[in-house]
$ cat target-v2.cif   # mmCIF, C-alpha atoms
data_query
#
loop_
_atom_site.label_atom_id
_atom_site.label_comp_id
_atom_site.auth_asym_id
_atom_site.auth_seq_id
_atom_site.Cartn_x
_atom_site.Cartn_y
_atom_site.Cartn_z
CA MET A 1 -98.20 -50.07 17.58
CA ARG A 2 -101.46 -48.75 16.15
CA LYS A 3 -103.19 -51.22 13.87
CA ILE A 4 -103.83 -49.85 10.39
CA GLU A 5 -107.56 -50.09 9.80
CA ASN A 6 -107.61 -50.71 6.02
CA TRP A 7 -104.55 -52.97 5.96
CA GLU A 8 -105.86 -55.55 3.47
CA GLU A 9 -106.93 -52.83 1.03
CA LEU A 10 -103.53 -51.15 1.27
CA LYS A 11 -101.70 -54.43 0.74
CA SER A 12 -103.65 -55.15 -2.44
CA THR A 13 -102.61 -51.84 -4.07
CA THR A 14 -99.03 -51.57 -2.79
CA ASP A 15 -97.33 -52.46 -6.09
CA GLU A 16 -99.24 -49.88 -8.11
CA VAL A 17 -98.93 -47.16 -5.45
CA ILE A 18 -95.19 -47.20 -4.88
CA SER A 19 -93.96 -47.78 -8.42
CA PHE A 20 -92.90 -44.74 -10.38
CA GLU A 21 -90.10 -43.89 -12.74
CA SER A 22 -87.22 -41.91 -11.26
CA LEU A 23 -86.32 -38.54 -12.69
CA PRO A 24 -83.19 -38.57 -14.83
CA VAL A 25 -80.07 -36.49 -14.34
CA GLY A 26 -80.06 -33.40 -16.54
CA PRO A 27 -82.16 -30.35 -17.41
CA GLN A 28 -85.96 -30.14 -17.11
CA PHE A 29 -88.33 -27.28 -17.90
CA CYS A 30 -89.93 -26.21 -14.61
CA LYS A 31 -92.50 -23.80 -13.20
CA ILE A 32 -92.67 -22.31 -9.72
CA VAL A 33 -96.02 -23.28 -8.15
CA ASP A 34 -95.61 -21.73 -4.70
CA VAL A 35 -93.16 -19.69 -2.62
CA GLN A 36 -92.71 -19.33 1.13
CA ASP A 37 -90.44 -16.65 2.55
CA VAL A 38 -88.78 -17.87 5.77
CA GLU A 39 -87.53 -14.45 6.84
CA GLU A 40 -86.10 -15.47 10.22
CA LYS A 41 -83.72 -17.88 8.45
CA GLU A 42 -83.33 -15.77 5.29
CA TYR A 43 -84.39 -18.19 2.57
CA LEU A 44 -87.19 -18.77 0.10
CA LYS A 45 -88.76 -22.21 -0.04
CA ILE A 46 -89.59 -22.70 -3.72
CA TYR A 47 -92.12 -25.35 -4.75
CA PHE A 48 -91.92 -26.28 -8.42
CA ASP A 49 -93.02 -28.86 -10.94
CA ILE A 50 -91.87 -30.04 -14.34
CA VAL A 51 -93.95 -28.60 -17.20
CA LYS A 52 -92.71 -30.40 -20.32
CA GLY A 53 -91.72 -33.89 -21.47
CA ASP A 54 -92.06 -37.36 -19.97
CA PHE A 55 -92.03 -36.04 -16.41
CA LYS A 56 -94.60 -33.26 -16.83
CA ASP A 57 -96.48 -32.69 -13.52
CA VAL A 58 -94.48 -35.44 -11.79
CA PHE A 59 -94.60 -33.79 -8.36
CA LYS A 60 -98.31 -32.96 -8.64
CA ASP A 61 -99.00 -36.57 -9.62
CA GLN A 62 -96.93 -37.88 -6.70
CA GLU A 63 -98.77 -35.60 -4.28
CA GLU A 64 -102.12 -36.84 -5.60
CA ARG A 65 -101.00 -40.45 -5.17
CA PHE A 66 -99.15 -40.19 -1.86
CA GLY A 67 -100.28 -36.96 -0.21
CA ASN A 68 -97.94 -34.26 1.04
CA TRP A 69 -94.66 -36.16 1.26
CA PRO A 70 -91.01 -35.09 1.41
CA SER A 71 -90.13 -35.78 -2.24
CA GLN A 72 -91.96 -32.78 -3.64
CA GLY A 73 -90.22 -30.43 -6.01
CA ILE A 74 -88.68 -28.09 -3.45
CA MET A 75 -85.64 -25.83 -3.58
CA TYR A 76 -84.26 -23.57 -0.88
CA TRP A 77 -82.86 -20.23 -2.05
CA SER A 78 -80.87 -18.58 0.70
CA TYR A 79 -80.56 -14.82 0.66
CA LYS A 80 -78.09 -14.64 3.56
CA LYS A 81 -75.05 -12.45 2.96
CA SER A 82 -72.92 -15.51 2.16
CA ALA A 83 -75.38 -16.70 -0.52
CA GLU A 84 -76.29 -13.44 -2.23
CA ARG A 85 -74.40 -14.33 -5.42
CA PHE A 86 -76.30 -17.63 -5.77
CA PHE A 87 -79.62 -15.91 -5.06
CA ALA A 88 -78.87 -13.31 -7.74
CA ALA A 89 -78.05 -16.09 -10.23
CA HIS A 90 -81.42 -17.77 -9.55
CA ILE A 91 -83.33 -14.51 -10.00
CA THR A 92 -81.40 -13.68 -13.18
CA ALA A 93 -82.34 -17.08 -14.64
CA ILE A 94 -86.00 -16.43 -13.78
CA GLU A 95 -85.91 -12.94 -15.33
CA LYS A 96 -84.29 -14.23 -18.54
CA SER A 97 -86.83 -17.10 -18.78
CA ASN A 98 -89.95 -14.95 -18.36
CA ASP A 99 -90.38 -12.05 -20.79
CA GLY A 100 -91.11 -8.80 -19.02
CA PHE A 101 -90.57 -10.16 -15.50
CA LYS A 102 -88.42 -7.95 -13.30
CA TRP A 103 -87.59 -8.96 -9.72
CA ASN A 104 -89.36 -6.57 -7.33
CA TRP A 105 -88.57 -8.15 -3.94
CA LEU A 106 -92.05 -9.67 -3.63
CA PRO A 107 -91.43 -13.43 -3.41
CA GLN A 108 -95.04 -14.32 -4.31
CA ASN A 109 -94.47 -12.77 -7.75
CA LEU A 110 -92.20 -15.74 -8.53
CA LYS A 111 -95.27 -18.01 -8.67
CA GLY A 112 -96.00 -19.09 -12.21
CA LYS A 113 -92.50 -18.29 -13.46
CA TYR A 114 -90.52 -20.71 -15.62
CA PHE A 115 -86.89 -21.85 -15.45
CA VAL A 116 -84.68 -24.78 -16.38
CA GLY A 117 -83.83 -26.99 -13.42
CA ASN A 118 -80.61 -28.90 -13.93
CA PHE A 119 -81.03 -32.06 -11.87
CA ALA A 120 -77.94 -33.83 -10.57
CA GLU A 121 -77.07 -36.45 -8.00
CA GLU A 122 -75.30 -35.75 -4.77
CA GLU A 123 -74.15 -37.90 -1.90
CA TYR A 124 -75.40 -37.46 1.66
CA VAL A 125 -75.03 -39.36 4.92
CA ASP A 126 -78.01 -41.22 6.36
CA GLY A 127 -77.06 -42.80 9.67
CA ASN A 128 -73.91 -44.77 8.87
CA GLU A 129 -74.56 -44.99 5.14
CA VAL A 130 -73.72 -42.84 2.16
CA LYS A 131 -76.74 -42.46 -0.09
CA VAL A 132 -77.47 -40.50 -3.25
CA SER A 133 -80.30 -38.06 -3.92
CA LEU A 134 -81.34 -36.15 -7.03
CA LYS A 135 -81.73 -32.38 -6.66
CA VAL A 136 -81.92 -29.26 -8.75
CA ARG A 137 -78.29 -28.17 -8.49
CA GLU A 138 -78.55 -25.37 -11.04
CA VAL A 139 -81.34 -22.93 -11.84
CA ARG A 140 -80.75 -21.84 -15.42
CA SER A 141 -82.57 -19.72 -17.96
CA ILE A 142 -84.47 -21.14 -20.89
CA GLN A 143 -82.21 -18.98 -23.07
CA ALA A 144 -79.08 -20.68 -21.66
CA PHE A 145 -80.64 -24.08 -22.41
CA LYS A 146 -81.49 -23.11 -26.01
CA GLU A 147 -77.93 -21.88 -26.51
CA GLY A 148 -76.56 -25.24 -25.33
CA ASN A 149 -75.08 -23.83 -22.13
CA VAL A 150 -76.78 -26.21 -19.70
CA LYS A 151 -74.66 -29.33 -19.32
CA GLU A 152 -75.28 -32.51 -17.35
CA LEU A 153 -73.53 -32.21 -13.99
CA PRO A 154 -71.39 -34.96 -12.43
CA ILE A 155 -72.37 -36.48 -9.12
CA LYS A 156 -71.40 -34.30 -6.15
CA LEU A 157 -69.36 -36.59 -3.92
CA LEU A 158 -68.93 -36.11 -0.20
CA PRO A 159 -65.39 -35.42 0.94
CA GLU A 160 -63.83 -38.56 2.39
CA ASP A 161 -63.63 -36.99 5.87
CA LYS A 162 -67.44 -36.48 5.84
CA LYS A 163 -68.21 -40.11 5.01
CA PRO A 164 -68.88 -42.60 7.81
CA GLN A 165 -65.95 -44.81 8.63
CA GLN A 166 -66.45 -48.32 7.31
CA ILE A 167 -65.28 -51.29 9.37
CA GLN A 168 -62.68 -53.08 7.29
CA ASN A 169 -62.14 -56.17 9.42
CA ILE A 170 -64.31 -58.15 11.84
CA ASP A 171 -61.44 -57.92 14.35
CA ASP A 172 -61.94 -54.12 14.39
CA LEU A 173 -65.31 -54.58 16.08
CA SER A 174 -65.69 -53.90 19.75
CA ASP A 175 -65.55 -56.72 22.29
CA ASP A 176 -68.93 -55.47 23.54
CA LEU A 177 -70.84 -57.32 20.84
CA PRO A 178 -73.21 -60.01 22.18
CA PHE A 179 -71.78 -62.79 19.98
#
$ encode --input "target-v2.cif" --output "structure tokens"
Amino acid sequence: MRKIENWEELKSTTDEVISFESLPVGPQFCKIVDVQDVEEKEYLKIYFDIVKGDFKDVFKDQEERFGNWPSQGIMYWSYKKSAERFFAAHITAIEKSNDGFKWNWLPQNLKGKYFVGNFAEEEYVDGNEVKVSLKVREVRSIQAFKEGNVKELPIKLLPEDKKPQQIQNIDDLSDDLPF
């Protein structure tokens, strides 16, 4: 293992560096800060941040504190045939949220556009564990939010057949264990 050169310095600031308040479930006002078109896989990688309230610039702040890490504000908008309806819903929300904006098939023109991101929890499997992450599960228009049409979403649970099997009894364990 490589020794970390500034270990003592890092240890002294660990508490302040890793503590931050988690985003809540529910709607947040957001802005698209960058877009990458991954044409070979037919999706847009949308980078966004929160622009209003207690969590304003949360992803920018995290990037400044931690560098480019996986918990940025990122969404993936597929435009494959099977996802065209969802893609159209995202674009419609962007058009309705940004006066005068009309989708023109130039992904970079989405930069700087506003929307309401409805954050919700969903289960996923990590190794042999079921964990929960918070994601933007709905892209909605500011108009829909003002009209009261953006509701908090329930947790998206994994189907039971997708969850790892839990060992119910110690006798169910294999005889190959070293104890």
$ residues_near_point --input "target-v2.cif" --point "(-65.8, -41.3, -4.1)" --cutoff "12 Å" --atoms "only C-alpha atoms" --output "PDB file with C-alpha atoms, in the frame of the given file"
ATOM      1  CA  GLU A 122     -75.300 -35.750  -4.770  1.00  0.00           C
ATOM      2  CA  GLU A 123     -74.150 -37.900  -1.900  1.00  0.00           C
ATOM      3  CA  TYR A 124     -75.400 -37.460   1.660  1.00  0.00           C
ATOM      4  CA  VAL A 130     -73.720 -42.840   2.160  1.00  0.00           C
ATOM      5  CA  LYS A 131     -76.740 -42.460  -0.090  1.00  0.00           C
ATOM      6  CA  VAL A 132     -77.470 -40.500  -3.250  1.00  0.00           C
ATOM      7  CA  PRO A 154     -71.390 -34.960 -12.430  1.00  0.00           C
ATOM      8  CA  ILE A 155     -72.370 -36.480  -9.120  1.00  0.00           C
ATOM      9  CA  LYS A 156     -71.400 -34.300  -6.150  1.00  0.00           C
ATOM     10  CA  LEU A 157     -69.360 -36.590  -3.920  1.00  0.00           C
ATOM     11  CA  LEU A 158     -68.930 -36.110  -0.200  1.00  0.00           C
ATOM     12  CA  PRO A 159     -65.390 -35.420   0.940  1.00  0.00           C
ATOM     13  CA  GLU A 160     -63.830 -38.560   2.390  1.00  0.00           C
ATOM     14  CA  ASP A 161     -63.630 -36.990   5.870  1.00  0.00           C
ATOM     15  CA  LYS A 162     -67.440 -36.480   5.840  1.00  0.00           C
ATOM     16  CA  LYS A 163     -68.210 -40.110   5.010  1.00  0.00           C
TER      17      LYS A 163
END
$ resolve_selection --input "target-v2.cif" --expression "the PyMOL selection byres ((chain A and resi 33) around 8)" --output "VMD selection string"
chain A and resid 31 to 32 34 to 35 46 to 49 111 to 112
$ atom_distance --input "target-v2.cif" --atom1 "CA of Gly73 (chain A)" --atom2 "CA of Asp61 (chain A)"
11.3 Å
$ resolve_selection --input "target-v2.cif" --expression "the PyMOL selection byres ((chain A and resi 95) around 12)" --output "short mmCIF file (atom, residue, chain, number, x, y, z; two decimals) with C-alpha atoms, keeping the file's coordinate frame"
data_model
loop_
_atom_site.label_atom_id
_atom_site.label_comp_id
_atom_site.auth_asym_id
_atom_site.auth_seq_id
_atom_site.Cartn_x
_atom_site.Cartn_y
_atom_site.Cartn_z
CA ALA A 88 -78.87 -13.31 -7.74
CA ALA A 89 -78.05 -16.09 -10.23
CA HIS A 90 -81.42 -17.77 -9.55
CA ILE A 91 -83.33 -14.51 -10.00
CA THR A 92 -81.40 -13.68 -13.18
CA ALA A 93 -82.34 -17.08 -14.64
CA ILE A 94 -86.00 -16.43 -13.78
CA LYS A 96 -84.29 -14.23 -18.54
CA SER A 97 -86.83 -17.10 -18.78
CA ASN A 98 -89.95 -14.95 -18.36
CA ASP A 99 -90.38 -12.05 -20.79
CA GLY A 100 -91.11 -8.80 -19.02
CA PHE A 101 -90.57 -10.16 -15.50
CA LYS A 102 -88.42 -7.95 -13.30
CA TRP A 103 -87.59 -8.96 -9.72
CA ASN A 104 -89.36 -6.57 -7.33
CA ASN A 109 -94.47 -12.77 -7.75
CA LEU A 110 -92.20 -15.74 -8.53
CA LYS A 113 -92.50 -18.29 -13.46
CA TYR A 114 -90.52 -20.71 -15.62
CA PHE A 115 -86.89 -21.85 -15.45
CA VAL A 116 -84.68 -24.78 -16.38
CA VAL A 139 -81.34 -22.93 -11.84
CA ARG A 140 -80.75 -21.84 -15.42
CA SER A 141 -82.57 -19.72 -17.96
CA ILE A 142 -84.47 -21.14 -20.89
CA GLN A 143 -82.21 -18.98 -23.07
#
$ atom_distance --input "target-v2.cif" --atom1 "CA of Glu64 (chain A)" --atom2 "CA of Ser78 (chain A)"
28.7 Å
$ atom_distance --input "target-v2.cif" --atom1 "CA of Trp77 (chain A)" --atom2 "CA of Glu63 (chain A)"
22.2 Å
$ closest_residue --input "target-v2.cif" --among "A:Lys135, A:Asn149, A:Pro164, A:Phe119" --to "Gly26 (chain A)" --atoms "all atoms listed in the file"
A:Phe119
$ resolve_selection --input "target-v2.cif" --expression "the PyMOL selection byres ((chain A and resi 29) around 7)" --output "list in words"
Pro27, Gln28, Cys30, Ile50, Val51, Lys52, Phe115, Val116 and Gly117 of chain A
$ axis_aligned_box --input "target-v2.cif" --around "region 39-48 of chain A" --padding-each-side "8 Å" --output "lines of an AutoDock Vina configuration file"
center_x = -87.7
center_y = -20.4
center_z = 0.9
size_x = 24.8
size_y = 27.8
size_z = 34.6
$ build_atoms --input "target-v2.cif" --residues "region 112-126 of chain A" --atoms "N, CA and C atoms" --output "PDB file, keeping the file's coordinate frame"
ATOM      1  N   GLY A 112     -95.646 -19.042 -10.796  1.00  0.00           N
ATOM      2  CA  GLY A 112     -96.000 -19.090 -12.210  1.00  0.00           C
ATOM      3  C   GLY A 112     -94.839 -18.837 -13.153  1.00  0.00           C
ATOM      4  N   LYS A 113     -93.661 -18.586 -12.618  1.00  0.00           N
ATOM      5  CA  LYS A 113     -92.500 -18.290 -13.460  1.00  0.00           C
ATOM      6  C   LYS A 113     -91.775 -19.582 -13.847  1.00  0.00           C
ATOM      7  N   TYR A 114     -91.194 -19.550 -15.049  1.00  0.00           N
ATOM      8  CA  TYR A 114     -90.520 -20.710 -15.620  1.00  0.00           C
ATOM      9  C   TYR A 114     -89.001 -20.604 -15.464  1.00  0.00           C
ATOM     10  N   PHE A 115     -88.348 -21.770 -15.490  1.00  0.00           N
ATOM     11  CA  PHE A 115     -86.890 -21.850 -15.450  1.00  0.00           C
ATOM     12  C   PHE A 115     -86.489 -23.253 -15.887  1.00  0.00           C
ATOM     13  N   VAL A 116     -85.213 -23.449 -16.102  1.00  0.00           N
ATOM     14  CA  VAL A 116     -84.680 -24.780 -16.380  1.00  0.00           C
ATOM     15  C   VAL A 116     -83.996 -25.260 -15.110  1.00  0.00           C
ATOM     16  N   GLY A 117     -84.465 -26.386 -14.594  1.00  0.00           N
ATOM     17  CA  GLY A 117     -83.830 -26.990 -13.420  1.00  0.00           C
ATOM     18  C   GLY A 117     -82.869 -28.057 -13.886  1.00  0.00           C
ATOM     19  N   ASN A 118     -81.597 -27.908 -13.548  1.00  0.00           N
ATOM     20  CA  ASN A 118     -80.610 -28.900 -13.930  1.00  0.00           C
ATOM     21  C   ASN A 118     -80.434 -29.872 -12.768  1.00  0.00           C
ATOM     22  N   PHE A 119     -81.040 -31.045 -12.912  1.00  0.00           N
ATOM     23  CA  PHE A 119     -81.030 -32.060 -11.870  1.00  0.00           C
ATOM     24  C   PHE A 119     -79.716 -32.831 -11.886  1.00  0.00           C
ATOM     25  N   ALA A 120     -79.172 -33.056 -10.700  1.00  0.00           N
ATOM     26  CA  ALA A 120     -77.940 -33.830 -10.570  1.00  0.00           C
ATOM     27  C   ALA A 120     -77.950 -34.582  -9.254  1.00  0.00           C
ATOM     28  N   GLU A 121     -77.160 -35.634  -9.217  1.00  0.00           N
ATOM     29  CA  GLU A 121     -77.070 -36.450  -8.000  1.00  0.00           C
ATOM     30  C   GLU A 121     -76.039 -35.867  -7.050  1.00  0.00           C
ATOM     31  N   GLU A 122     -76.296 -36.095  -5.769  1.00  0.00           N
ATOM     32  CA  GLU A 122     -75.300 -35.750  -4.770  1.00  0.00           C
ATOM     33  C   GLU A 122     -75.377 -36.718  -3.596  1.00  0.00           C
ATOM     34  N   GLU A 123     -74.224 -36.991  -3.035  1.00  0.00           N
ATOM     35  CA  GLU A 123     -74.150 -37.900  -1.900  1.00  0.00           C
ATOM     36  C   GLU A 123     -74.541 -37.173  -0.616  1.00  0.00           C
ATOM     37  N   TYR A 124     -75.107 -37.956   0.317  1.00  0.00           N
ATOM     38  CA  TYR A 124     -75.400 -37.460   1.660  1.00  0.00           C
ATOM     39  C   TYR A 124     -75.284 -38.635   2.623  1.00  0.00           C
ATOM     40  N   VAL A 125     -75.167 -38.316   3.907  1.00  0.00           N
ATOM     41  CA  VAL A 125     -75.030 -39.360   4.920  1.00  0.00           C
ATOM     42  C   VAL A 125     -76.378 -39.570   5.591  1.00  0.00           C
ATOM     43  N   ASP A 126     -76.788 -40.826   5.666  1.00  0.00           N
ATOM     44  CA  ASP A 126     -78.010 -41.220   6.360  1.00  0.00           C
ATOM     45  C   ASP A 126     -77.605 -42.289   7.376  1.00  0.00           C
TER      46      ASP A 126
END
